[in-house]
$ cat data11.cif   # mmCIF, C-alpha atoms
data_start
loop_
_atom_site.group_PDB
_atom_site.id
_atom_site.type_symbol
_atom_site.label_atom_id
_atom_site.label_comp_id
_atom_site.auth_asym_id
_atom_site.auth_seq_id
_atom_site.Cartn_x
_atom_site.Cartn_y
_atom_site.Cartn_z
ATOM 1 C CA MET U 114 0.000 0.000 0.000
ATOM 2 C CA GLU U 115 1.191 3.493 -0.877
ATOM 3 C CA SER U 116 0.203 6.423 1.337
ATOM 4 C CA TRP U 117 -0.083 10.186 0.955
ATOM 5 C CA ALA U 118 -0.371 12.290 4.114
ATOM 6 C CA PHE U 119 -1.382 15.931 4.405
ATOM 7 C CA GLU U 120 -3.102 18.301 6.811
ATOM 8 C CA ALA U 121 -6.429 19.958 6.057
ATOM 9 C CA ILE U 122 -9.504 21.313 7.881
ATOM 10 C CA GLY U 123 -7.636 21.124 11.170
ATOM 11 C CA THR U 124 -6.775 17.431 11.084
ATOM 12 C CA GLN U 125 -4.238 14.994 9.660
ATOM 13 C CA TRP U 126 -5.268 13.038 6.558
ATOM 14 C CA GLU U 127 -3.806 9.897 5.044
ATOM 15 C CA ILE U 128 -4.934 8.291 1.798
ATOM 16 C CA SER U 129 -3.650 4.784 1.084
ATOM 17 C CA ALA U 130 -4.053 2.768 -2.105
ATOM 18 C CA GLU U 131 -2.365 -0.087 -3.929
ATOM 19 C CA ALA U 132 -0.603 2.373 -6.221
ATOM 20 C CA PRO U 133 0.694 5.906 -5.521
ATOM 21 C CA LEU U 134 -1.816 8.629 -6.312
ATOM 22 C CA ASP U 135 -0.784 10.509 -9.445
ATOM 23 C CA ALA U 136 -0.287 14.271 -9.440
ATOM 24 C CA ASP U 137 -3.660 14.997 -11.079
ATOM 25 C CA THR U 138 -5.525 12.957 -8.478
ATOM 26 C CA ARG U 139 -3.678 14.652 -5.626
ATOM 27 C CA ALA U 140 -4.525 18.036 -7.112
ATOM 28 C CA ALA U 141 -8.180 17.022 -7.460
ATOM 29 C CA VAL U 142 -8.295 15.912 -3.816
ATOM 30 C CA THR U 143 -6.683 19.158 -2.679
ATOM 31 C CA GLY U 144 -9.155 21.161 -4.725
ATOM 32 C CA LEU U 145 -12.149 19.259 -3.369
ATOM 33 C CA VAL U 146 -11.061 19.680 0.259
ATOM 34 C CA SER U 147 -10.455 23.399 -0.309
ATOM 35 C CA GLU U 148 -13.865 23.819 -1.960
ATOM 36 C CA TYR U 149 -15.614 22.039 0.906
ATOM 37 C CA ASP U 150 -13.865 24.170 3.515
ATOM 38 C CA GLN U 151 -14.620 27.387 1.641
ATOM 39 C CA ALA U 152 -18.283 26.422 1.384
ATOM 40 C CA LEU U 153 -19.027 25.111 4.872
ATOM 41 C CA SER U 154 -16.450 26.213 7.445
ATOM 42 C CA ARG U 155 -17.796 28.342 10.287
ATOM 43 C CA PHE U 156 -14.216 29.278 11.201
ATOM 44 C CA ARG U 157 -13.725 31.244 7.956
ATOM 45 C CA THR U 158 -15.311 34.644 7.595
ATOM 46 C CA ASP U 159 -15.187 34.223 3.798
ATOM 47 C CA SER U 160 -17.015 30.879 3.689
ATOM 48 C CA ILE U 161 -20.365 30.664 1.925
ATOM 49 C CA LEU U 162 -22.103 29.379 5.058
ATOM 50 C CA SER U 163 -20.772 32.282 7.143
ATOM 51 C CA GLY U 164 -23.039 34.582 5.138
ATOM 52 C CA LEU U 165 -25.958 33.297 7.204
ATOM 53 C CA SER U 166 -24.384 34.629 10.391
ATOM 54 C CA ARG U 167 -24.246 38.055 8.731
ATOM 55 C CA GLY U 168 -27.941 37.922 7.991
ATOM 56 C CA GLU U 169 -27.770 37.164 4.262
ATOM 57 C CA GLY U 170 -30.829 34.905 4.597
ATOM 58 C CA THR U 171 -30.136 32.568 1.663
ATOM 59 C CA VAL U 172 -26.912 31.020 0.382
ATOM 60 C CA SER U 173 -26.076 28.753 -2.554
ATOM 61 C CA LEU U 174 -23.993 25.676 -1.723
ATOM 62 C CA PRO U 175 -22.515 22.789 -3.777
ATOM 63 C CA GLY U 176 -25.050 20.154 -4.767
ATOM 64 C CA TYR U 177 -23.368 17.414 -2.756
ATOM 65 C CA THR U 178 -24.445 19.148 0.469
ATOM 66 C CA ALA U 179 -28.010 17.884 -0.082
ATOM 67 C CA GLU U 180 -27.147 14.498 1.447
ATOM 68 C CA LEU U 181 -25.525 16.246 4.412
ATOM 69 C CA PHE U 182 -28.584 18.363 5.197
ATOM 70 C CA SER U 183 -30.889 15.406 4.614
ATOM 71 C CA LEU U 184 -28.986 13.503 7.305
ATOM 72 C CA PHE U 185 -29.221 16.473 9.669
ATOM 73 C CA ASP U 186 -32.982 16.606 9.091
ATOM 74 C CA SER U 187 -33.251 12.969 10.184
ATOM 75 C CA LEU U 188 -30.935 13.210 13.177
ATOM 76 C CA ASP U 189 -32.560 16.390 14.457
ATOM 77 C CA ARG U 190 -35.880 14.542 14.434
ATOM 78 C CA LEU U 191 -34.549 11.302 15.950
ATOM 79 C CA THR U 192 -32.817 13.148 18.808
ATOM 80 C CA ASP U 193 -35.803 15.427 19.525
ATOM 81 C CA GLY U 194 -33.814 18.497 18.500
ATOM 82 C CA ARG U 195 -30.756 17.732 20.612
ATOM 83 C CA MET U 196 -28.554 17.351 17.480
ATOM 84 C CA ASN U 197 -29.006 20.516 15.453
ATOM 85 C CA PRO U 198 -26.462 22.261 13.171
ATOM 86 C CA LEU U 199 -27.600 25.646 14.500
ATOM 87 C CA VAL U 200 -25.611 24.752 17.614
ATOM 88 C CA GLY U 201 -22.773 26.751 16.036
ATOM 89 C CA GLY U 202 -23.908 29.856 17.878
ATOM 90 C CA SER U 203 -23.920 27.949 21.167
ATOM 91 C CA LEU U 204 -20.367 26.749 20.540
ATOM 92 C CA GLU U 205 -19.205 30.289 19.877
ATOM 93 C CA LEU U 206 -20.795 31.489 23.141
ATOM 94 C CA LEU U 207 -18.669 28.901 24.933
ATOM 95 C CA GLY U 208 -15.525 30.159 23.170
ATOM 96 C CA TYR U 209 -15.177 27.634 20.344
ATOM 97 C CA GLY U 210 -15.380 29.918 17.353
ATOM 98 C CA PRO U 211 -13.234 31.827 14.832
ATOM 99 C CA GLY U 212 -9.930 32.767 16.403
ATOM 100 C CA TYR U 213 -10.266 29.898 18.916
ATOM 101 C CA ARG U 214 -10.507 32.239 21.895
ATOM 102 C CA LEU U 215 -11.597 29.259 24.036
ATOM 103 C CA THR U 216 -13.012 31.657 26.617
ATOM 104 C CA PRO U 217 -16.772 31.702 27.206
ATOM 105 C CA GLN U 218 -18.412 34.838 25.848
ATOM 106 C CA GLY U 219 -21.593 34.432 27.862
ATOM 107 C CA PRO U 220 -23.887 31.860 29.445
ATOM 108 C CA ALA U 221 -24.831 28.747 27.496
ATOM 109 C CA ALA U 222 -27.857 29.048 25.228
ATOM 110 C CA GLY U 223 -29.799 26.507 23.219
ATOM 111 C CA ALA U 224 -29.967 26.612 19.424
ATOM 112 C CA PRO U 225 -33.008 27.775 17.444
ATOM 113 C CA PRO U 226 -35.217 24.847 16.325
ATOM 114 C CA TRP U 227 -33.864 23.394 13.074
ATOM 115 C CA PRO U 228 -37.126 22.625 11.222
ATOM 116 C CA GLU U 229 -38.669 26.030 11.938
ATOM 117 C CA ALA U 230 -35.564 28.144 11.239
ATOM 118 C CA VAL U 231 -34.074 26.444 8.167
ATOM 119 C CA ARG U 232 -35.271 25.650 4.653
ATOM 120 C CA TRP U 233 -33.149 23.975 2.008
ATOM 121 C CA GLU U 234 -33.761 22.555 -1.458
ATOM 122 C CA SER U 235 -31.830 21.391 -4.487
ATOM 123 C CA GLY U 236 -31.852 24.022 -7.216
ATOM 124 C CA ALA U 237 -32.379 23.557 -10.926
ATOM 125 C CA SER U 238 -28.726 24.421 -11.556
ATOM 126 C CA GLY U 239 -27.512 21.589 -9.313
ATOM 127 C CA ASP U 240 -26.764 23.717 -6.267
ATOM 128 C CA VAL U 241 -28.431 23.656 -2.850
ATOM 129 C CA ARG U 242 -30.282 26.756 -1.724
ATOM 130 C CA LEU U 243 -30.321 27.069 2.056
ATOM 131 C CA SER U 244 -32.350 29.762 3.808
ATOM 132 C CA LEU U 245 -32.393 30.839 7.445
ATOM 133 C CA ASP U 246 -35.209 32.910 8.899
ATOM 134 C CA ARG U 247 -32.839 34.787 11.215
ATOM 135 C CA ALA U 248 -29.094 35.440 11.466
ATOM 136 C CA GLY U 249 -27.477 32.306 12.843
ATOM 137 C CA THR U 250 -24.362 30.152 12.831
ATOM 138 C CA LEU U 251 -24.445 26.648 11.390
ATOM 139 C CA ASP U 252 -21.880 24.072 12.444
ATOM 140 C CA VAL U 253 -21.793 20.964 10.233
ATOM 141 C CA GLY U 254 -18.946 19.350 12.176
ATOM 142 C CA ALA U 255 -21.187 16.650 13.624
ATOM 143 C CA ALA U 256 -21.131 14.892 10.240
ATOM 144 C CA GLY U 257 -19.174 17.136 7.881
ATOM 145 C CA LYS U 258 -15.758 15.507 8.198
ATOM 146 C CA GLY U 259 -17.246 12.097 7.474
ATOM 147 C CA HIS U 260 -19.070 13.571 4.488
ATOM 148 C CA LEU U 261 -15.822 14.958 3.110
ATOM 149 C CA VAL U 262 -14.105 11.588 3.676
ATOM 150 C CA ASP U 263 -16.790 10.005 1.474
ATOM 151 C CA LEU U 264 -16.363 12.617 -1.246
ATOM 152 C CA VAL U 265 -12.579 12.117 -1.294
ATOM 153 C CA TRP U 266 -12.948 8.307 -1.245
ATOM 154 C CA GLU U 267 -15.408 8.460 -4.160
ATOM 155 C CA LEU U 268 -13.048 10.715 -6.122
ATOM 156 C CA VAL U 269 -10.076 8.389 -5.628
ATOM 157 C CA THR U 270 -11.912 5.115 -6.275
ATOM 158 C CA GLY U 271 -13.652 6.721 -9.256
ATOM 159 C CA ARG U 272 -10.224 7.181 -10.845
ATOM 160 C CA GLY U 273 -9.560 3.438 -10.720
ATOM 161 C CA TYR U 274 -7.538 3.122 -7.543
ATOM 162 C CA ALA U 275 -8.089 -0.084 -5.558
ATOM 163 C CA SER U 276 -7.852 -1.010 -1.869
ATOM 164 C CA VAL U 277 -8.393 2.598 -0.847
ATOM 165 C CA VAL U 278 -8.420 3.872 2.730
ATOM 166 C CA VAL U 279 -9.199 7.525 3.395
ATOM 167 C CA ASP U 280 -8.401 8.376 7.011
ATOM 168 C CA ALA U 281 -9.112 11.853 8.399
ATOM 169 C CA GLY U 282 -8.233 11.672 12.060
ATOM 170 C CA SER U 283 -10.889 9.500 13.650
ATOM 171 C CA ASP U 284 -13.001 9.127 10.507
ATOM 172 C CA MET U 285 -12.158 6.623 7.775
ATOM 173 C CA ARG U 286 -13.665 4.807 4.812
ATOM 174 C CA HIS U 287 -12.216 1.601 3.432
ATOM 175 C CA CYS U 288 -12.409 -0.827 0.539
ATOM 176 C CA GLY U 289 -10.202 -3.854 -0.066
ATOM 177 C CA PRO U 290 -8.540 -6.336 2.294
ATOM 178 C CA GLY U 291 -9.656 -5.971 5.899
ATOM 179 C CA LEU U 292 -7.886 -3.807 8.474
ATOM 180 C CA ARG U 293 -7.582 -4.016 12.243
ATOM 181 C CA VAL U 294 -8.226 -0.611 13.786
ATOM 182 C CA GLY U 295 -7.669 0.258 17.442
ATOM 183 C CA LEU U 296 -10.351 2.128 19.384
ATOM 184 C CA GLU U 297 -8.528 4.913 21.229
ATOM 185 C CA HIS U 298 -9.277 5.140 24.947
ATOM 186 C CA PRO U 299 -10.909 8.555 25.566
ATOM 187 C CA PHE U 300 -9.119 8.934 28.919
ATOM 188 C CA ASP U 301 -5.685 7.799 27.706
ATOM 189 C CA PRO U 302 -4.755 8.256 24.016
ATOM 190 C CA ASN U 303 -1.823 5.868 24.480
ATOM 191 C CA GLN U 304 -4.206 2.968 25.089
ATOM 192 C CA ALA U 305 -6.997 1.263 23.146
ATOM 193 C CA ILE U 306 -10.200 -0.137 24.585
ATOM 194 C CA GLY U 307 -10.421 -2.677 21.770
ATOM 195 C CA VAL U 308 -9.798 -3.494 18.122
ATOM 196 C CA VAL U 309 -12.371 -3.589 15.323
ATOM 197 C CA HIS U 310 -12.195 -5.285 11.916
ATOM 198 C CA LEU U 311 -12.880 -2.799 9.117
ATOM 199 C CA GLN U 312 -13.677 -3.963 5.601
ATOM 200 C CA ASP U 313 -15.628 -2.180 2.861
ATOM 201 C CA ARG U 314 -17.285 0.129 5.374
ATOM 202 C CA ALA U 315 -16.650 3.353 7.240
ATOM 203 C CA LEU U 316 -15.559 3.745 10.857
ATOM 204 C CA CYS U 317 -16.013 7.055 12.654
ATOM 205 C CA ALA U 318 -15.372 8.028 16.252
ATOM 206 C CA SER U 319 -16.192 10.967 18.467
ATOM 207 C CA ALA U 320 -14.885 11.746 21.938
ATOM 208 C CA THR U 321 -15.231 14.581 24.401
ATOM 209 C CA ASN U 322 -11.442 14.773 24.860
ATOM 210 C CA ARG U 323 -10.760 15.590 21.199
ATOM 211 C CA ARG U 324 -11.752 19.278 21.379
ATOM 212 C CA ALA U 325 -11.887 20.242 25.031
ATOM 213 C CA TRP U 326 -11.042 23.487 26.797
ATOM 214 C CA GLY U 327 -11.794 25.240 30.052
ATOM 215 C CA ASN U 328 -13.636 23.625 32.936
ATOM 216 C CA GLY U 329 -15.705 20.785 31.502
ATOM 217 C CA LEU U 330 -16.121 22.446 28.103
ATOM 218 C CA HIS U 331 -15.940 20.409 24.906
ATOM 219 C CA HIS U 332 -17.378 20.419 21.398
ATOM 220 C CA VAL U 333 -20.272 17.945 21.785
ATOM 221 C CA LEU U 334 -23.261 20.023 22.897
ATOM 222 C CA ASP U 335 -26.901 19.289 23.516
ATOM 223 C CA ALA U 336 -28.433 21.784 21.096
ATOM 224 C CA SER U 337 -31.568 22.096 23.207
ATOM 225 C CA THR U 338 -29.586 23.537 26.130
ATOM 226 C CA GLY U 339 -26.278 24.662 24.614
ATOM 227 C CA LEU U 340 -24.426 22.691 27.296
ATOM 228 C CA PRO U 341 -21.721 20.021 26.794
ATOM 229 C CA VAL U 342 -22.961 16.457 27.233
ATOM 230 C CA ARG U 343 -21.782 14.666 30.367
ATOM 231 C CA ALA U 344 -22.942 11.055 30.391
ATOM 232 C CA VAL U 345 -21.098 9.755 27.289
ATOM 233 C CA ALA U 346 -17.338 10.030 26.793
ATOM 234 C CA ALA U 347 -16.768 8.413 23.378
ATOM 235 C CA THR U 348 -18.525 6.606 20.541
ATOM 236 C CA TRP U 349 -17.484 4.499 17.560
ATOM 237 C CA VAL U 350 -19.766 3.628 14.642
ATOM 238 C CA LEU U 351 -19.408 1.275 11.667
ATOM 239 C CA ALA U 352 -21.734 2.066 8.760
ATOM 240 C CA ARG U 353 -21.911 1.850 4.981
ATOM 241 C CA ASN U 354 -20.380 5.317 4.517
ATOM 242 C CA ALA U 355 -18.552 7.891 6.607
ATOM 243 C CA LEU U 356 -21.306 10.512 6.449
ATOM 244 C CA THR U 357 -23.692 8.146 8.197
ATOM 245 C CA ALA U 358 -21.078 6.818 10.626
ATOM 246 C CA ASP U 359 -19.922 10.308 11.613
ATOM 247 C CA GLY U 360 -23.436 11.642 12.132
ATOM 248 C CA LEU U 361 -24.492 8.619 14.183
ATOM 249 C CA ALA U 362 -21.323 8.783 16.287
ATOM 250 C CA THR U 363 -22.423 12.260 17.378
ATOM 251 C CA ALA U 364 -26.085 11.310 17.771
ATOM 252 C CA LEU U 365 -25.147 8.501 20.182
ATOM 253 C CA PHE U 366 -24.099 11.156 22.696
ATOM 254 C CA LEU U 367 -27.644 12.484 22.633
ATOM 255 C CA THR U 368 -30.061 9.581 22.248
ATOM 256 C CA ASP U 369 -30.428 5.865 22.695
ATOM 257 C CA PRO U 370 -29.120 3.600 19.903
ATOM 258 C CA SER U 371 -32.570 2.052 19.476
ATOM 259 C CA ALA U 372 -33.982 5.396 18.328
ATOM 260 C CA LEU U 373 -31.371 5.560 15.548
ATOM 261 C CA ALA U 374 -31.662 1.869 14.615
ATOM 262 C CA ALA U 375 -35.252 2.486 13.568
ATOM 263 C CA GLU U 376 -33.924 4.223 10.430
ATOM 264 C CA PHE U 377 -30.212 3.392 10.099
ATOM 265 C CA GLU U 378 -28.142 0.210 9.852
ATOM 266 C CA PHE U 379 -24.963 0.465 11.921
ATOM 267 C CA ASP U 380 -22.799 -1.167 14.574
ATOM 268 C CA TYR U 381 -21.477 0.755 17.531
ATOM 269 C CA VAL U 382 -19.544 0.975 20.773
ATOM 270 C CA ARG U 383 -20.521 3.653 23.283
ATOM 271 C CA MET U 384 -18.359 4.396 26.327
ATOM 272 C CA PHE U 385 -19.796 6.313 29.250
ATOM 273 C CA SER U 386 -18.011 8.832 31.448
ATOM 274 C CA ASP U 387 -17.994 6.356 34.345
ATOM 275 C CA GLY U 388 -16.027 3.826 32.258
ATOM 276 C CA ARG U 389 -18.913 1.525 31.329
ATOM 277 C CA ALA U 390 -19.309 0.504 27.700
ATOM 278 C CA GLU U 391 -22.217 -0.808 25.635
ATOM 279 C CA TYR U 392 -22.146 -2.177 22.116
ATOM 280 C CA SER U 393 -24.272 -3.652 19.384
ATOM 281 C CA PRO U 394 -24.277 -7.467 18.984
ATOM 282 C CA ALA U 395 -21.956 -7.386 15.951
ATOM 283 C CA MET U 396 -19.333 -5.554 18.028
ATOM 284 C CA ALA U 397 -19.240 -8.187 20.752
ATOM 285 C CA GLY U 398 -15.664 -9.356 21.248
ATOM 286 C CA VAL U 399 -13.963 -6.218 19.929
ATOM 287 C CA LEU U 400 -13.431 -4.776 23.427
ATOM 288 C CA PHE U 401 -10.614 -5.766 25.738
ATOM 289 C CA SER U 402 -11.834 -7.240 29.011
#
$ encode --input "data11.cif" --output "structure tokens"
Amino acid sequence: MESWAFEAIGTQWEISAEAPLDADTRAAVTGLVSEYDQALSRFRTDSILSGLSRGEGTVSLPGYTAELFSLFDSLDRLTDGRMNPLVGGSLELLGYGPGYRLTPQGPAAGAPPWPEAVRWESGASGDVRLSLDRAGTLDVGAAGKGHLVDLVWELVTGRGYASVVVDAGSDMRHCGPGLRVGLEHPFDPNQAIGVVHLQDRALCASATNRRAWGNGLHHVLDASTGLPVRAVAATWVLARNALTADGLATALFLTDPSALAAEFEFDYVRMFSDGRAEYSPAMAGVLFS
């Protein structure tokens, strides 16, 4: 396997394939990642999505964002509004915003209701038109990195490369011979709580220690309150693609797996803050005793 490593959207990426990626493919990947960041980053004042925080009302986004917002529609509903991309404003109040001040700017506040505040539709020209009924800050991080992993994986495999693994930090999508992947312990990054077999699927993880600052502050918020979640420390999800796995990994902090299993097929491990772990039947045996 040949690998290409680079840094983008605040994380380390590695793309592996049976043959080295040619220069045109690397340039295409770089261009796609840059386009995605310029469209959807809430940390860039020049991003398309940031126009909503300035009160522009409606923005035009790349057509591939339709599947991202469709997932958010479902997960907002399945979590009773606790997972809501409008949580971006709540994150900024707690200090996690442009400039990374990491100092709370005021008391926690819940996000506006997603279904009432937001309208989106695919346009005739292939774009996605997203409208907000008030100035607000969207944060797509709950599933956006997984979505971008899928887009990069589809680009690379679409150019004929085989046995491809796209790994962006804790989010990866794979095809080819199986891999053994360690599940990083959320309380000690030098240890693993288990090992999972990954083949022709995506594996995504989320943990409260990944982006933490201040006293008990981290990036996984309950959108209904604007407060960081406390009960769950880390989640891992196997699903057919990284968009789904990433979104469900976040949703598992906010709702019971059975609520999500009503509409999604996935396997999971969920570790609680007190050290307990639960898992789906297919994940039995992946944890160390």
$ resolve_selection --input "data11.cif" --expression "the PyMOL selection byres ((chain U and resi 376) around 12)" --output "VMD selection string"
chain U and resid 184 187 to 188 190 to 191 357 361 370 to 375 377 to 379
$ closest_residue --input "data11.cif" --among "U:Leu311, U:Ala281, U:Leu316, U:Ala397" --to "Leu261 (chain U)" --atoms "all atoms listed in the file"
U:Ala281
$ residues_around --input "data11.cif" --residues "Ala130 (chain U)" --least-positions-apart "3" --cutoff "7 Å" --atoms "all atoms listed in the file" --output "JSON, numbers by chain"
{"U": [114, 115, 116, 133, 274, 275, 276, 277, 278]}
$ residues_around --input "data11.cif" --residues "Cys288 (chain U)" --least-positions-apart "3" --cutoff "12 Å" --atoms "only C-alpha atoms" --output "list in words"
Ile128, Ser129, Ala130, Glu131, Asp263, Trp266, Glu267, Val269, Thr270, Tyr274, Ala275, Ser276, Val277, Val278, Val279, Asp280, Met285, Gly291, Leu292, Leu311, Gln312, Asp313, Arg314, Ala315, Leu316, Arg353 and Asn354 of chain U
$ residues_around --input "data11.cif" --residues "Pro394 (chain U)" --least-positions-apart "4" --cutoff "12 Å" --atoms "only C-alpha atoms" --output "ChimeraX atom specification"
/U:379-382,398-399
$ resolve_selection --input "data11.cif" --expression "the PyMOL selection byres ((chain U and resi 321) around 6)" --output "PyMOL selection string"
chain U and resi 320+322-323+331+346
$ closest_residue --input "data11.cif" --among "U:Met396, U:Leu296, U:Ala230, U:Val309" --to "Thr348 (chain U)" --atoms "only C-alpha atoms"
U:Leu296
$ resolve_selection --input "data11.cif" --expression "the PyMOL selection byres ((chain U and resi 364) around 10)" --output "VMD selection string"
chain U and resid 188 to 189 191 to 192 195 to 197 255 to 256 319 333 335 348 358 to 363 365 to 370 372 to 373
$ atom_distance --input "data11.cif" --atom1 "CA of Ser163 (chain U)" --atom2 "CA of Gly327 (chain U)"
25.6 Å
$ residues_around --input "data11.cif" --residues "region 303-307 of chain U" --least-positions-apart "4" --cutoff "12 Å" --atoms "only C-alpha atoms" --output "VMD selection string"
chain U and resid 293 to 299 347 to 349 382 to 384 388 to 390 392 396 to 402
$ closest_residue --input "data11.cif" --among "U:Trp233, U:Trp326, U:Trp227, U:Tyr149" --to "Asp193 (chain U)" --atoms "all atoms listed in the file"
U:Trp227
$ closest_residue --input "data11.cif" --among "U:Ala221, U:Ile161, U:Val172, U:Leu153" --to "Ser235 (chain U)" --atoms "only C-alpha atoms"
U:Val172
$ atom_distance --input "data11.cif" --atom1 "CA of Thr216 (chain U)" --atom2 "CA of Val342 (chain U)"
18.2 Å
$ residues_around --input "data11.cif" --residues "Pro225 (chain U)" --least-positions-apart "3" --cutoff "9 Å" --atoms "only C-alpha atoms" --output "mmCIF file with C-alpha atoms, in the frame of the given file"
data_model
loop_
_atom_site.group_PDB
_atom_site.id
_atom_site.type_symbol
_atom_site.label_atom_id
_atom_site.label_comp_id
_atom_site.auth_asym_id
_atom_site.auth_seq_id
_atom_site.Cartn_x
_atom_site.Cartn_y
_atom_site.Cartn_z
ATOM 1 C CA ASN U 197 -29.006 20.516 15.453
ATOM 2 C CA LEU U 199 -27.600 25.646 14.500
ATOM 3 C CA VAL U 200 -25.611 24.752 17.614
ATOM 4 C CA GLU U 229 -38.669 26.030 11.938
ATOM 5 C CA ALA U 230 -35.564 28.144 11.239
ATOM 6 C CA GLY U 249 -27.477 32.306 12.843
ATOM 7 C CA ALA U 336 -28.433 21.784 21.096
ATOM 8 C CA SER U 337 -31.568 22.096 23.207
#
$ atom_distance --input "data11.cif" --atom1 "CA of Glu180 (chain U)" --atom2 "CA of Gly259 (chain U)"
11.8 Å
$ closest_residue --input "data11.cif" --among "U:Leu162, U:Ala179, U:Ala355, U:Leu330" --to "Arg343 (chain U)" --atoms "all atoms listed in the file"
U:Leu330
